[in-house]
Amino acid sequence: MRRSLSSSLVVGAIFALLLREISAVKTAVSNLRRRSPDDGTRSLCSHLIRPNGYPCTEHTVQTKDGYLLALQRVSSRNGNLRVQCGPPVLLVHGLFMGGDAWFLDSMEESLGFILADHGFDVWVANVRGTHWSHGHVTLSEKSKGFWDWSWQDLALYDLAEMICFINLKTSSKIFLVGHSQGTIVSLAALTQPDVVEMVEAAALLSPISYLDHITAPLVRRMVSMHLDQMVLALGMHQLNFRSNVLIDLIDSLCNGHLDCNDLLTAITGKNCCFNNSRVDFYLENEPHPSSAKNIHHLFQMIRQGTFSQYDYGFFKNLRLYGQMKPPAFDLTRIPKSLPLWMSYGGNDALADVIDVQHTLNELQSTPELVYLENYGHMDFILSINGKEDLYNNMIGFFRSLGKSSSS
């Protein structure tokens, strides 16, 4: 207990140094405290989807390493899940988010609702560690072992298993949609022949496979301080931004000591079309936990300029991978025949334009591109103009492949 408290305080002190230059949204503090993790009595269907009039069913998928993942299946308000005729679409959320991310705006603005209303058979992914998923067959969420994973496990286990589940359930190839970390795991999974054969096409919002040109000042500062390695050295394995220690620290800093308005910009870049009026609601649902190992893997990508598996160091790499450096995910293994659609923004401080171009240069195919000069990272899922700027174009791309139903 003392070690846990002292570790949290040390990390809190490090964040205090960072907060001299950036801040936290003050209203976020009360909302972070108000939202409690799912206690097993709530589901995403009952919390956000059915109350808006959309049929929704819950499914559980077990990965090969024992994690129990939640999948939701959604149809239009006029639809029937038993006779859903549209093609399946799997939505894969980003870092510190869950499947709720696709339903946080109004029914007219949220991609999950929009796809359902256009006749698609919508499936919603929730990776390990998120509030909506269901733990592990043997490991407690309080144990170190439960949090011993990074995004490569989300790609090779979580996403691969969910795609297989949907493919078996629908007897159809799927359309894959990812945002942020959801694009990292999608691109990695699509390099695997047994996965890509079940995918009809992929649409990637803020596509990431390389991160060495990110411009987000807070993230750059944390990387330069090796904060990820400090957290692991302190024995912390879960990163939960709803911990009381961190909330109290931010609360005290924001209560008269700092201007608390620009945290999101410092992390994601300036978002042009983010719906500020719904911030309280967003923060009742986000953020979800992730693992310290996952953050360390992402920071490795920034430092090393690679799109590779987790780097354990020289000796453990030799033992696990049979080579000194971790194997790269080879984007040239994504078939040229797989249709790809990508949208990226000029103000995105995480999916930088240079890194997106690096990804494009390595792909065999030429994806359809939508570039939005004024879009930041969060605009791609929470923009008030998303339907006109993005989603109609994405839906047109899917329909051009001749697989979707009309609405």
# chains A, B, ... in the order shown; residues from 1 in each chain; ligands from 1

$ closest_atom_pairs --of "range 111-218 of chain A" --to "range 388-391 of chain A" --cutoff "9 Å" --atoms "only C-alpha atoms" --output "CSV"
residue,atom,partner,partner_atom,distance
A:Leu111,CA,A:Tyr391,CA,7.0
A:Ile114,CA,A:Tyr391,CA,8.1
A:Leu115,CA,A:Tyr391,CA,8.5

$ closest_residue --among "A:Val137, A:Val122, A:Met225, A:Met301" --to "Asp212 in chain A" --atoms "only C-alpha atoms"
A:Met301

$ closest_residue --among "A:Trp151, A:Trp341, A:Phe307, A:Tyr321" --to "Gln181 in chain A" --atoms "only C-alpha atoms"
A:Trp151

$ residues_around --residues "Glu373 in chain A" --least-positions-apart "2" --cutoff "9 Å" --atoms "only C-alpha atoms" --output "JSON, numbers by chain"
{"A": [344, 345, 346, 347, 371, 375, 376]}

$ select_by_dssp --residues "range 167-287 of chain A" --states "helix (DSSP H, G or I)" --output "number ranges by chain"
A: 167-170, 181-190, 193-196, 217-224, 227-233, 244-254, 263-268, 276-285

$ residues_around --residues "Asn271 in chain A" --least-positions-apart "2" --cutoff "10 Å" --atoms "only C-alpha atoms" --output "ChimeraX atom specification"
/A:264-265,268-269,273-275,345,347-349,374-380,382-383

$ write_last_selection --atoms "N, CA, C and O atoms" --output "mmCIF file, in the first residue's frame"
data_model
loop_
_atom_site.group_PDB
_atom_site.id
_atom_site.type_symbol
_atom_site.label_atom_id
_atom_site.label_comp_id
_atom_site.auth_asym_id
_atom_site.auth_seq_id
_atom_site.Cartn_x
_atom_site.Cartn_y
_atom_site.Cartn_z
ATOM 1 N N LEU A 264 -5.668 19.289 -23.719
ATOM 2 C CA LEU A 264 -5.979 18.514 -24.922
ATOM 3 C C LEU A 264 -5.128 18.973 -26.103
ATOM 4 O O LEU A 264 -4.589 18.155 -26.852
ATOM 5 N N THR A 265 -4.970 20.282 -26.255
ATOM 6 C CA THR A 265 -4.152 20.809 -27.342
ATOM 7 C C THR A 265 -2.705 20.375 -27.199
ATOM 8 O O THR A 265 -2.034 20.044 -28.185
ATOM 9 N N THR A 268 -2.799 16.552 -28.312
ATOM 10 C CA THR A 268 -3.339 16.102 -29.605
ATOM 11 C C THR A 268 -3.128 17.084 -30.747
ATOM 12 O O THR A 268 -3.328 16.718 -31.906
ATOM 13 N N GLY A 269 -2.752 18.316 -30.444
ATOM 14 C CA GLY A 269 -2.784 19.366 -31.434
ATOM 15 C C GLY A 269 -4.094 20.135 -31.329
ATOM 16 O O GLY A 269 -5.039 19.705 -30.666
ATOM 17 N N CYS A 273 -12.778 21.505 -34.498
ATOM 18 C CA CYS A 273 -14.226 21.303 -34.541
ATOM 19 C C CYS A 273 -14.732 20.450 -33.385
ATOM 20 O O CYS A 273 -15.810 19.875 -33.452
ATOM 21 N N PHE A 274 -13.922 20.373 -32.355
ATOM 22 C CA PHE A 274 -14.252 19.621 -31.147
ATOM 23 C C PHE A 274 -15.428 20.294 -30.445
ATOM 24 O O PHE A 274 -15.471 21.518 -30.313
ATOM 25 N N ASN A 275 -16.410 19.505 -30.006
ATOM 26 C CA ASN A 275 -17.619 20.047 -29.401
ATOM 27 C C ASN A 275 -17.375 20.325 -27.916
ATOM 28 O O ASN A 275 -17.582 19.473 -27.063
ATOM 29 N N GLY A 345 -4.835 15.002 -40.648
ATOM 30 C CA GLY A 345 -5.044 16.429 -40.487
ATOM 31 C C GLY A 345 -3.771 17.231 -40.332
ATOM 32 O O GLY A 345 -2.769 16.746 -39.792
ATOM 33 N N ASN A 347 -3.312 19.760 -38.332
ATOM 34 C CA ASN A 347 -3.075 20.152 -36.948
ATOM 35 C C ASN A 347 -2.921 18.963 -36.015
ATOM 36 O O ASN A 347 -2.914 19.141 -34.796
ATOM 37 N N ASP A 348 -2.795 17.770 -36.567
ATOM 38 C CA ASP A 348 -2.690 16.565 -35.742
ATOM 39 C C ASP A 348 -1.260 16.442 -35.221
ATOM 40 O O ASP A 348 -0.323 16.190 -35.979
ATOM 41 N N ALA A 349 -1.090 16.610 -33.912
ATOM 42 C CA ALA A 349 0.243 16.582 -33.306
ATOM 43 C C ALA A 349 0.714 15.172 -32.989
ATOM 44 O O ALA A 349 1.847 14.986 -32.553
ATOM 45 N N ASN A 374 -7.211 21.769 -41.167
ATOM 46 C CA ASN A 374 -7.489 22.336 -39.842
ATOM 47 C C ASN A 374 -7.831 21.295 -38.792
ATOM 48 O O ASN A 374 -8.115 21.650 -37.647
ATOM 49 N N TYR A 375 -7.794 20.010 -39.112
ATOM 50 C CA TYR A 375 -8.199 18.974 -38.160
ATOM 51 C C TYR A 375 -7.054 18.582 -37.229
ATOM 52 O O TYR A 375 -5.922 18.360 -37.664
ATOM 53 N N GLY A 376 -7.376 18.488 -35.926
ATOM 54 C CA GLY A 376 -6.493 17.901 -34.938
ATOM 55 C C GLY A 376 -6.870 16.457 -34.678
ATOM 56 O O GLY A 376 -7.816 15.924 -35.283
ATOM 57 N N HIS A 377 -6.179 15.819 -33.752
ATOM 58 C CA HIS A 377 -6.303 14.384 -33.561
ATOM 59 C C HIS A 377 -7.711 13.958 -33.144
ATOM 60 O O HIS A 377 -8.221 12.948 -33.625
ATOM 61 N N MET A 378 -8.336 14.712 -32.232
ATOM 62 C CA MET A 378 -9.646 14.311 -31.732
ATOM 63 C C MET A 378 -10.792 14.697 -32.652
ATOM 64 O O MET A 378 -11.896 14.163 -32.532
ATOM 65 N N ASP A 379 -10.529 15.627 -33.571
ATOM 66 C CA ASP A 379 -11.582 16.003 -34.519
ATOM 67 C C ASP A 379 -12.074 14.819 -35.337
ATOM 68 O O ASP A 379 -13.235 14.798 -35.764
ATOM 69 N N PHE A 380 -11.214 13.823 -35.541
ATOM 70 C CA PHE A 380 -11.575 12.717 -36.434
ATOM 71 C C PHE A 380 -12.667 11.814 -35.860
ATOM 72 O O PHE A 380 -13.289 11.054 -36.599
ATOM 73 N N LEU A 382 -14.665 13.272 -32.941
ATOM 74 C CA LEU A 382 -15.553 14.110 -32.137
ATOM 75 C C LEU A 382 -15.848 15.462 -32.786
ATOM 76 O O LEU A 382 -16.276 16.394 -32.113
ATOM 77 N N SER A 383 -15.636 15.579 -34.077
ATOM 78 C CA SER A 383 -15.918 16.837 -34.764
ATOM 79 C C SER A 383 -17.414 17.025 -34.960
ATOM 80 O O SER A 383 -18.133 16.085 -35.311
#

$ closest_atom_pairs --of "range 317-373 of chain A" --to "range 198-206 of chain A" --cutoff "7 Å" --atoms "only C-alpha atoms" --output "Markdown table"
| residue | atom | partner | partner_atom | distance |
| --- | --- | --- | --- | --- |
| A:Leu338 | CA | A:Ala201 | CA | 5.9 |
| A:Pro339 | CA | A:Ala201 | CA | 4.9 |
| A:Leu340 | CA | A:Ala202 | CA | 5.1 |
| A:Trp341 | CA | A:Ala203 | CA | 4.6 |
| A:Met342 | CA | A:Leu204 | CA | 4.7 |
| A:Ser343 | CA | A:Leu205 | CA | 5.1 |
| A:Tyr344 | CA | A:Ser206 | CA | 4.9 |
| A:Ala351 | CA | A:Ser206 | CA | 5.6 |

$ write_last_selection --atoms "N, CA, C and O atoms" --output "compact mmCIF listing (two decimals), in the first residue's frame"
# COMPACT_ATOMS: atom_id res chain seq x y z
N LEU A 338 -5.82 -4.99 -51.16
CA LEU A 338 -6.71 -4.58 -50.07
C LEU A 338 -7.02 -3.09 -50.20
O LEU A 338 -6.12 -2.25 -50.10
N PRO A 339 -8.29 -2.71 -50.41
CA PRO A 339 -8.63 -1.29 -50.51
C PRO A 339 -8.42 -0.57 -49.17
O PRO A 339 -8.86 -1.05 -48.12
N LEU A 340 -7.76 0.58 -49.22
CA LEU A 340 -7.50 1.38 -48.03
C LEU A 340 -7.98 2.80 -48.24
O LEU A 340 -7.84 3.37 -49.33
N TRP A 341 -8.53 3.38 -47.15
CA TRP A 341 -8.96 4.77 -47.13
C TRP A 341 -8.36 5.40 -45.89
O TRP A 341 -8.40 4.81 -44.81
N MET A 342 -7.77 6.57 -46.00
CA MET A 342 -7.12 7.21 -44.86
C MET A 342 -7.48 8.69 -44.82
O MET A 342 -7.55 9.35 -45.87
N SER A 343 -7.65 9.21 -43.61
CA SER A 343 -7.87 10.64 -43.43
C SER A 343 -6.94 11.15 -42.34
O SER A 343 -6.82 10.54 -41.27
N TYR A 344 -6.27 12.27 -42.63
CA TYR A 344 -5.31 12.83 -41.66
C TYR A 344 -5.40 14.35 -41.70
O TYR A 344 -5.97 14.94 -42.62
N ALA A 351 -0.47 12.14 -35.21
CA ALA A 351 -0.29 11.54 -36.53
C ALA A 351 0.23 12.63 -37.46
O ALA A 351 -0.51 13.20 -38.27

$ residues_around --residues "range 184-194 of chain A" --least-positions-apart "5" --cutoff "7 Å" --atoms "only C-alpha atoms" --output "PyMOL selection string"
chain A and resi 151-152+154-156+160+178+208-209+329-331+333-334

$ select_by_dssp --residues "range 121-231 of chain A" --states "strand (DSSP E or B)" --output "ChimeraX atom specification"
/A:121-126,136,174-179,199-205

$ write_last_selection --atoms "N, CA and C atoms" --output "CSV table (one decimal), in the first residue's frame"
chain,number,residue,atom,x,y,z
A,121,ASP,N,-23.8,-3.3,-40.6
A,121,ASP,CA,-23.9,-4.2,-39.4
A,121,ASP,C,-22.7,-3.8,-38.5
A,122,VAL,N,-22.9,-2.9,-37.5
A,122,VAL,CA,-21.8,-2.3,-36.8
A,122,VAL,C,-21.4,-3.1,-35.6
A,123,TRP,N,-20.1,-3.4,-35.5
A,123,TRP,CA,-19.5,-4.1,-34.4
A,123,TRP,C,-18.5,-3.2,-33.7
A,124,VAL,N,-18.5,-3.2,-32.4
A,124,VAL,CA,-17.7,-2.2,-31.6
A,124,VAL,C,-16.7,-3.0,-30.8
A,125,ALA,N,-15.4,-2.7,-31.0
A,125,ALA,CA,-14.3,-3.4,-30.3
A,125,ALA,C,-14.1,-2.7,-28.9
A,126,ASN,N,-13.7,-3.5,-27.9
A,126,ASN,CA,-13.2,-3.0,-26.7
A,126,ASN,C,-12.0,-3.8,-26.3
A,136,HIS,N,-10.0,-11.3,-17.3
A,136,HIS,CA,-9.2,-12.5,-17.8
A,136,HIS,C,-9.7,-13.7,-17.1
A,174,ILE,N,-15.1,-8.3,-43.4
A,174,ILE,CA,-15.5,-7.1,-42.7
A,174,ILE,C,-14.8,-5.9,-43.2
A,175,PHE,N,-15.5,-4.7,-43.0
A,175,PHE,CA,-14.8,-3.4,-43.2
A,175,PHE,C,-14.2,-3.0,-41.8
A,176,LEU,N,-13.0,-2.6,-41.8
A,176,LEU,CA,-12.3,-2.3,-40.6
A,176,LEU,C,-12.1,-0.8,-40.5
A,177,VAL,N,-12.5,-0.2,-39.3
A,177,VAL,CA,-12.3,1.2,-39.1
A,177,VAL,C,-11.6,1.4,-37.8
A,178,GLY,N,-10.5,2.2,-37.9
A,178,GLY,CA,-9.7,2.5,-36.7
A,178,GLY,C,-9.4,4.0,-36.5
A,179,HIS,N,-9.2,4.4,-35.3
A,179,HIS,CA,-8.7,5.7,-35.0
A,179,HIS,C,-7.5,5.7,-34.1
A,199,VAL,N,-10.7,-9.5,-44.1
A,199,VAL,CA,-11.0,-8.1,-44.2
A,199,VAL,C,-11.2,-7.6,-45.6
A,200,GLU,N,-12.4,-7.0,-45.8
A,200,GLU,CA,-12.7,-6.5,-47.2
A,200,GLU,C,-12.0,-5.2,-47.5
A,201,ALA,N,-11.9,-4.3,-46.5
A,201,ALA,CA,-11.3,-3.0,-46.7
A,201,ALA,C,-11.0,-2.4,-45.4
A,202,ALA,N,-10.2,-1.3,-45.3
A,202,ALA,CA,-9.9,-0.7,-44.0
A,202,ALA,C,-10.0,0.8,-44.2
A,203,ALA,N,-10.5,1.5,-43.3
A,203,ALA,CA,-10.6,3.0,-43.2
A,203,ALA,C,-9.9,3.5,-41.9
A,204,LEU,N,-8.9,4.3,-42.1
A,204,LEU,CA,-8.0,4.7,-41.0
A,204,LEU,C,-8.1,6.2,-40.7
A,205,LEU,N,-8.5,6.6,-39.5
A,205,LEU,CA,-8.6,8.0,-39.1
A,205,LEU,C,-7.4,8.3,-38.2

$ residues_around --residues "Arg42 in chain A" --least-positions-apart "6" --cutoff "12 Å" --atoms "only C-alpha atoms" --output "ChimeraX atom specification"
/A:36,48-49,58,131-134
